[in-house]
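Coordinates as given in input_4.cif (mmCIF, C-alpha atoms):
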data_protein
#
loop_
_atom_site.label_atom_id
_atom_site.label_comp_id
_atom_site.auth_asym_id
_atom_site.auth_seq_id
_atom_site.Cartn_x
_atom_site.Cartn_y
_atom_site.Cartn_z
CA MET O 243 6.35 3.38 -0.98
CA GLU O 244 5.03 6.87 -0.57
CA ILE O 245 2.23 8.40 1.49
CA LYS O 246 0.29 11.25 -0.11
CA GLU O 247 -2.57 13.24 1.36
CA GLU O 248 -5.58 13.47 -0.96
CA ASN O 249 -8.90 15.04 -0.02
CA GLY O 250 -8.00 14.87 3.67
CA ARG O 251 -7.10 11.15 3.52
CA LYS O 252 -3.70 9.50 3.66
CA VAL O 253 -3.07 7.21 0.69
CA LEU O 254 -0.16 4.75 0.61
CA TYR O 255 1.21 4.14 -2.88
CA ALA O 256 3.53 1.32 -3.95
CA SER O 257 6.45 2.10 -6.26
CA GLU O 258 6.02 1.43 -9.98
CA GLY O 259 6.02 -2.32 -10.73
CA TYR O 260 5.19 -3.21 -7.11
CA VAL O 261 2.06 -3.85 -5.06
CA LEU O 262 1.36 -3.52 -1.35
CA GLN O 263 1.16 -6.57 0.89
CA SER O 264 -0.05 -6.77 4.49
CA VAL O 265 2.74 -7.71 6.88
CA THR O 266 0.35 -9.38 9.33
CA ASP O 267 -1.62 -11.76 7.11
CA GLY O 268 0.15 -11.69 3.73
CA LEU O 269 -2.88 -10.29 1.87
CA ILE O 270 -1.91 -8.64 -1.41
CA ILE O 271 -3.63 -5.24 -1.46
CA GLY O 272 -2.78 -3.65 -4.81
CA PRO O 273 -0.94 -0.53 -5.99
CA TYR O 274 -2.47 1.81 -3.40
CA LEU O 275 -4.38 1.80 -0.11
CA ILE O 276 -6.35 4.45 1.75
CA LEU O 277 -5.02 4.36 5.29
CA GLY O 278 -7.53 4.31 8.14
CA ALA O 279 -7.17 6.26 11.38
CA ASN O 280 -5.31 3.40 13.09
CA ASP O 281 -3.35 2.25 10.02
CA SER O 282 0.33 2.87 9.54
CA ALA O 283 2.70 2.27 6.64
CA LYS O 284 4.63 -0.13 8.90
CA HIS O 285 1.75 -2.64 8.49
CA TYR O 286 2.50 -2.96 4.76
CA HIS O 287 5.47 -3.61 2.51
CA GLU O 288 6.07 -3.74 -1.22
CA ILE O 289 6.47 -6.88 -3.30
CA GLU O 290 7.02 -7.18 -7.04
CA LYS O 291 3.79 -7.21 -8.99
CA PRO O 292 2.78 -10.89 -9.39
CA GLU O 293 2.63 -12.42 -12.85
CA GLU O 294 -0.91 -13.07 -14.07
#

Go ahead and render the structure in this file as C-alpha cells.
Amino acid sequence: MEIKEENGRKVLYASEGYVLQSVTDGLIIGPYLILGANDSAKHYHEIEKPEE
C-alpha cells in the first residue's frame, strides 16, 4: 500500500494485483481510496484481487 497526495487529498493505493479492504467491517473497497480527514491507512489492508 502507498499513500500519495493528489490535489491536496491523500489517496491510498493498493499494490498491483491487490485491492483494499476495510479492517472494521470487511468491505472490499477497490484499488484506491481517497482518505477523509479522520481516516488512516491502519483502517485498511490489502487482499489479493478477487476472481470474477

(request) Considering only C-alpha atoms, state which residue in the set O:Ile271, O:Asp281, O:Ile245, O:Glu288 is at the smallest distance from Ser257 in chain O. (result) O:Glu288

(request) Quick one: everything within 12 Å of Leu275 in chain O, counting all atoms listed in the file, minus sequence neighbours fewer than 6 positions away in the same chain. Send it as a ChimeraX atom specification. (result) /O:243-248,251-256,261-264,281-283,285-288

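Proximity to Pro292 in chain O was assessed for O:Pro273, O:Gly250, O:Asp267, O:Asn280 counting all atoms listed in the file; the smallest distance is recorded for O:Pro273.
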
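Separating CA of Ile270 in chain O from CA of Glu293 in chain O is a distance of 12.9 Å.
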